[in-house]
Amino acid sequence: MKALEGFQKGVHRTTYAVCAVGMFLAIPLMLITTFDVLGRAIFNKPLPGTLELSEYMLSILVLLGAAYTQQVRGHVAVDFLTSKFSVNGRKICRIITDFLSLVIIAIMTIYGWIEGISETTVTDQLRVPMWPFKTLVAVGGLMLWMEILTDFITSVASLGRRE
């Protein structure tokens, strides 16, 4: 159990660090959007490349923040059906859901990596390479997979215990 706690703590720290990178990009995203709006409204001249930069910064925010959202249990959960189950029934449902999530996120991560490393195109206006952003699907997916794995292991370990 001590090894699980250490593993979980390491995953949580790494997830927070990866999320911090995404959070850091929220400030430039807000600034370029503000300057673009002001440029359009006051000078009738938008900031070039704002749409491209906003799209990529927003994708970084979402992809690198998904694992942290899992860590703090921030994803939407509907329990109107499972709330009627027994405690063990809810645990079994959680285990099945976590397992299926692990499979789906693993597929997404693998294909995200394949797409990311094979990408050779650049953006239209700023000529920014697209491969780093497509590779972030794999990075974010891996972090999300690790968070779900810790939840899965915890759920399996708690199956026989009374709460």
# chains A, B, ... in the order shown; residues from 1 in each chain; ligands from 1
>>> residues_around(residues="Thr154 in chain A", least_positions_apart="2", cutoff="12 Å", atoms="only C-alpha atoms", output="list in words")
Met1, Ala3, Leu4, Glu5, Phe7, Gln8, Lys91, Ile92, Arg94, Ile95, Asp98, Glu147, Ile148, Leu149, Thr150, Asp151, Phe152, Val156, Ala157, Ser158, Leu159, Gly160 and Arg161 of chain A
>>> write_last_selection(atoms="N, CA and C atoms", output="compact mmCIF listing (two decimals), in the first residue's frame")
# COMPACT_ATOMS: atom_id res chain seq x y z
N MET A 1 0.82 -1.19 0.00
CA MET A 1 0.00 0.00 0.00
C MET A 1 0.87 1.26 0.00
N ALA A 3 3.74 1.54 -1.50
CA ALA A 3 4.22 1.73 -2.87
C ALA A 3 3.15 2.43 -3.72
N LEU A 4 1.87 2.05 -3.52
CA LEU A 4 0.77 2.69 -4.26
C LEU A 4 0.69 4.17 -3.91
N GLU A 5 0.83 4.50 -2.64
CA GLU A 5 0.77 5.91 -2.24
C GLU A 5 1.92 6.71 -2.84
N PHE A 7 3.54 5.97 -5.66
CA PHE A 7 3.25 6.05 -7.09
C PHE A 7 2.21 7.13 -7.35
N GLN A 8 1.15 7.11 -6.54
CA GLN A 8 0.07 8.06 -6.70
C GLN A 8 0.56 9.50 -6.46
N LYS A 91 -18.70 0.43 -6.36
CA LYS A 91 -17.27 0.20 -6.55
C LYS A 91 -17.01 -0.61 -7.82
N ILE A 92 -17.82 -1.62 -8.05
CA ILE A 92 -17.67 -2.44 -9.26
C ILE A 92 -17.93 -1.58 -10.51
N ARG A 94 -17.47 1.60 -10.75
CA ARG A 94 -16.31 2.49 -10.86
C ARG A 94 -15.12 1.74 -11.50
N ILE A 95 -14.91 0.49 -11.08
CA ILE A 95 -13.82 -0.31 -11.63
C ILE A 95 -14.02 -0.54 -13.13
N ASP A 98 -13.46 2.80 -14.94
CA ASP A 98 -12.03 3.13 -14.98
C ASP A 98 -11.30 2.24 -15.98
N GLU A 147 -3.46 9.05 -14.23
CA GLU A 147 -4.41 9.43 -13.17
C GLU A 147 -5.53 8.40 -13.05
N ILE A 148 -6.07 7.97 -14.19
CA ILE A 148 -7.13 6.97 -14.15
C ILE A 148 -6.59 5.64 -13.64
N LEU A 149 -5.35 5.31 -13.97
CA LEU A 149 -4.73 4.09 -13.46
C LEU A 149 -4.65 4.11 -11.94
N THR A 150 -4.25 5.24 -11.36
CA THR A 150 -4.19 5.31 -9.89
C THR A 150 -5.59 5.17 -9.29
N ASP A 151 -6.60 5.76 -9.94
CA ASP A 151 -7.98 5.61 -9.46
C ASP A 151 -8.42 4.15 -9.57
N PHE A 152 -8.06 3.50 -10.67
CA PHE A 152 -8.43 2.10 -10.89
C PHE A 152 -7.81 1.20 -9.82
N VAL A 156 -9.86 -0.98 -7.05
CA VAL A 156 -9.72 -2.44 -6.92
C VAL A 156 -9.27 -2.80 -5.50
N ALA A 157 -8.34 -2.02 -4.95
CA ALA A 157 -7.85 -2.30 -3.59
C ALA A 157 -8.94 -2.09 -2.53
N SER A 158 -9.88 -1.18 -2.80
CA SER A 158 -10.91 -0.90 -1.79
C SER A 158 -12.14 -1.79 -1.95
N LEU A 159 -12.15 -2.69 -2.92
CA LEU A 159 -13.34 -3.48 -3.20
C LEU A 159 -13.78 -4.33 -2.00
N GLY A 160 -12.87 -4.97 -1.31
CA GLY A 160 -13.24 -5.84 -0.20
C GLY A 160 -13.44 -5.09 1.11
N ARG A 161 -12.93 -3.86 1.20
CA ARG A 161 -13.00 -3.11 2.47
C ARG A 161 -14.38 -2.48 2.68
>>> residues_around(residues="Leu25 in chain A", least_positions_apart="3", cutoff="12 Å", atoms="only C-alpha atoms", output="list in words")
Val18, Cys19, Ala20, Val21, Gly22, Pro28, Leu29, Met30, Leu31, Ile32, Leu53, Ser54, Glu55, Tyr56, Met57, Leu58, Ser59, Ile60, Leu61, Val62, Leu64 and Gly65 of chain A
>>> write_last_selection(atoms="N, CA and C atoms", output="PDB file, in the first residue's frame")
ATOM      1  N   VAL A  18       2.538  19.412 -15.230  1.00  0.00           N
ATOM      2  CA  VAL A  18       2.111  19.491 -16.627  1.00  0.00           C
ATOM      3  C   VAL A  18       0.948  20.471 -16.763  1.00  0.00           C
ATOM      4  N   CYS A  19       0.042  20.443 -15.808  1.00  0.00           N
ATOM      5  CA  CYS A  19      -1.094  21.363 -15.824  1.00  0.00           C
ATOM      6  C   CYS A  19      -0.630  22.810 -15.651  1.00  0.00           C
ATOM      7  N   ALA A  20       0.405  23.020 -14.843  1.00  0.00           N
ATOM      8  CA  ALA A  20       0.931  24.364 -14.626  1.00  0.00           C
ATOM      9  C   ALA A  20       1.434  24.980 -15.927  1.00  0.00           C
ATOM     10  N   VAL A  21       2.005  24.155 -16.805  1.00  0.00           N
ATOM     11  CA  VAL A  21       2.436  24.644 -18.115  1.00  0.00           C
ATOM     12  C   VAL A  21       1.222  25.169 -18.884  1.00  0.00           C
ATOM     13  N   GLY A  22       0.156  24.396 -18.859  1.00  0.00           N
ATOM     14  CA  GLY A  22      -1.066  24.826 -19.528  1.00  0.00           C
ATOM     15  C   GLY A  22      -1.658  26.080 -18.897  1.00  0.00           C
ATOM     16  N   PRO A  28      -0.958  34.611 -21.748  1.00  0.00           N
ATOM     17  CA  PRO A  28      -0.763  35.116 -23.111  1.00  0.00           C
ATOM     18  C   PRO A  28      -2.002  34.953 -23.993  1.00  0.00           C
ATOM     19  N   LEU A  29      -2.776  33.901 -23.753  1.00  0.00           N
ATOM     20  CA  LEU A  29      -4.008  33.704 -24.515  1.00  0.00           C
ATOM     21  C   LEU A  29      -4.964  34.878 -24.285  1.00  0.00           C
ATOM     22  N   MET A  30      -5.117  35.269 -23.034  1.00  0.00           N
ATOM     23  CA  MET A  30      -5.996  36.405 -22.721  1.00  0.00           C
ATOM     24  C   MET A  30      -5.448  37.700 -23.310  1.00  0.00           C
ATOM     25  N   LEU A  31      -4.132  37.889 -23.232  1.00  0.00           N
ATOM     26  CA  LEU A  31      -3.523  39.128 -23.729  1.00  0.00           C
ATOM     27  C   LEU A  31      -3.662  39.266 -25.249  1.00  0.00           C
ATOM     28  N   ILE A  32      -3.348  38.209 -25.993  1.00  0.00           N
ATOM     29  CA  ILE A  32      -3.445  38.354 -27.451  1.00  0.00           C
ATOM     30  C   ILE A  32      -4.891  38.517 -27.906  1.00  0.00           C
ATOM     31  N   LEU A  53      -2.793  31.269 -33.006  1.00  0.00           N
ATOM     32  CA  LEU A  53      -2.189  31.173 -31.680  1.00  0.00           C
ATOM     33  C   LEU A  53      -3.227  30.816 -30.614  1.00  0.00           C
ATOM     34  N   SER A  54      -4.410  31.406 -30.724  1.00  0.00           N
ATOM     35  CA  SER A  54      -5.474  31.110 -29.753  1.00  0.00           C
ATOM     36  C   SER A  54      -5.893  29.647 -29.822  1.00  0.00           C
ATOM     37  N   GLU A  55      -6.013  29.128 -31.028  1.00  0.00           N
ATOM     38  CA  GLU A  55      -6.401  27.719 -31.187  1.00  0.00           C
ATOM     39  C   GLU A  55      -5.382  26.800 -30.518  1.00  0.00           C
ATOM     40  N   TYR A  56      -4.116  27.055 -30.759  1.00  0.00           N
ATOM     41  CA  TYR A  56      -3.083  26.173 -30.213  1.00  0.00           C
ATOM     42  C   TYR A  56      -2.912  26.335 -28.709  1.00  0.00           C
ATOM     43  N   MET A  57      -2.979  27.568 -28.225  1.00  0.00           N
ATOM     44  CA  MET A  57      -2.874  27.762 -26.769  1.00  0.00           C
ATOM     45  C   MET A  57      -4.062  27.141 -26.055  1.00  0.00           C
ATOM     46  N   LEU A  58      -5.240  27.261 -26.636  1.00  0.00           N
ATOM     47  CA  LEU A  58      -6.423  26.659 -26.034  1.00  0.00           C
ATOM     48  C   LEU A  58      -6.328  25.140 -26.043  1.00  0.00           C
ATOM     49  N   SER A  59      -5.787  24.574 -27.118  1.00  0.00           N
ATOM     50  CA  SER A  59      -5.629  23.118 -27.150  1.00  0.00           C
ATOM     51  C   SER A  59      -4.639  22.664 -26.081  1.00  0.00           C
ATOM     52  N   ILE A  60      -3.582  23.432 -25.857  1.00  0.00           N
ATOM     53  CA  ILE A  60      -2.622  23.098 -24.809  1.00  0.00           C
ATOM     54  C   ILE A  60      -3.298  23.150 -23.441  1.00  0.00           C
ATOM     55  N   LEU A  61      -4.083  24.194 -23.209  1.00  0.00           N
ATOM     56  CA  LEU A  61      -4.800  24.310 -21.934  1.00  0.00           C
ATOM     57  C   LEU A  61      -5.691  23.101 -21.675  1.00  0.00           C
ATOM     58  N   VAL A  62      -6.447  22.712 -22.679  1.00  0.00           N
ATOM     59  CA  VAL A  62      -7.388  21.598 -22.514  1.00  0.00           C
ATOM     60  C   VAL A  62      -6.647  20.270 -22.357  1.00  0.00           C
ATOM     61  N   LEU A  64      -3.503  19.557 -21.518  1.00  0.00           N
ATOM     62  CA  LEU A  64      -2.661  19.414 -20.337  1.00  0.00           C
ATOM     63  C   LEU A  64      -3.451  19.574 -19.039  1.00  0.00           C
ATOM     64  N   GLY A  65      -4.684  20.032 -19.132  1.00  0.00           N
ATOM     65  CA  GLY A  65      -5.503  20.193 -17.936  1.00  0.00           C
ATOM     66  C   GLY A  65      -6.444  19.036 -17.652  1.00  0.00           C
TER      67      GLY A  65
END
>>> closest_atom_pairs(of="range 40-122 of chain A", to="range 128-142 of chain A", cutoff="8 Å", atoms="only C-alpha atoms", output="tab-separated table")
residue	atom	partner	partner_atom	distance
A:Tyr56	CA	A:Phe133	CA	6.8
A:Ser59	CA	A:Phe133	CA	7.7
A:Ile60	CA	A:Leu136	CA	7.1
A:Leu63	CA	A:Gly140	CA	5.0
A:Leu64	CA	A:Gly140	CA	4.9
A:Gly65	CA	A:Gly140	CA	7.6
A:Ala66	CA	A:Gly140	CA	7.0
A:Ala67	CA	A:Gly140	CA	6.9
A:Ile105	CA	A:Gly141	CA	6.1
A:Ala106	CA	A:Gly141	CA	7.4
A:Met108	CA	A:Gly141	CA	6.8
A:Thr109	CA	A:Ala138	CA	4.3
A:Ile110	CA	A:Ala138	CA	6.7
A:Tyr111	CA	A:Ala138	CA	7.7
A:Gly112	CA	A:Ala138	CA	4.8
A:Trp113	CA	A:Ala138	CA	5.0
A:Glu115	CA	A:Lys134	CA	6.7
A:Gly116	CA	A:Thr135	CA	4.1
A:Ile117	CA	A:Trp131	CA	6.4
A:Ser118	CA	A:Trp131	CA	7.5
A:Glu119	CA	A:Trp131	CA	5.1
A:Thr120	CA	A:Trp131	CA	6.6
A:Thr121	CA	A:Met130	CA	6.0
A:Val122	CA	A:Pro129	CA	4.2
>>> select_by_dssp(residues="chain A", states="helix (DSSP H, G or I)", output="VMD selection string")
chain A and resid 2 to 24 26 to 43 50 to 71 82 to 84 87 to 118 131 to 157
>>> atom_distance(atom1="CA of Val11 in chain A", atom2="CA of Met143 in chain A")
7.8 Å
>>> closest_residue(among="A:Leu126, A:Ile27, A:Met146, A:Val103", to="Glu52 in chain A", atoms="only C-alpha atoms")
A:Leu126
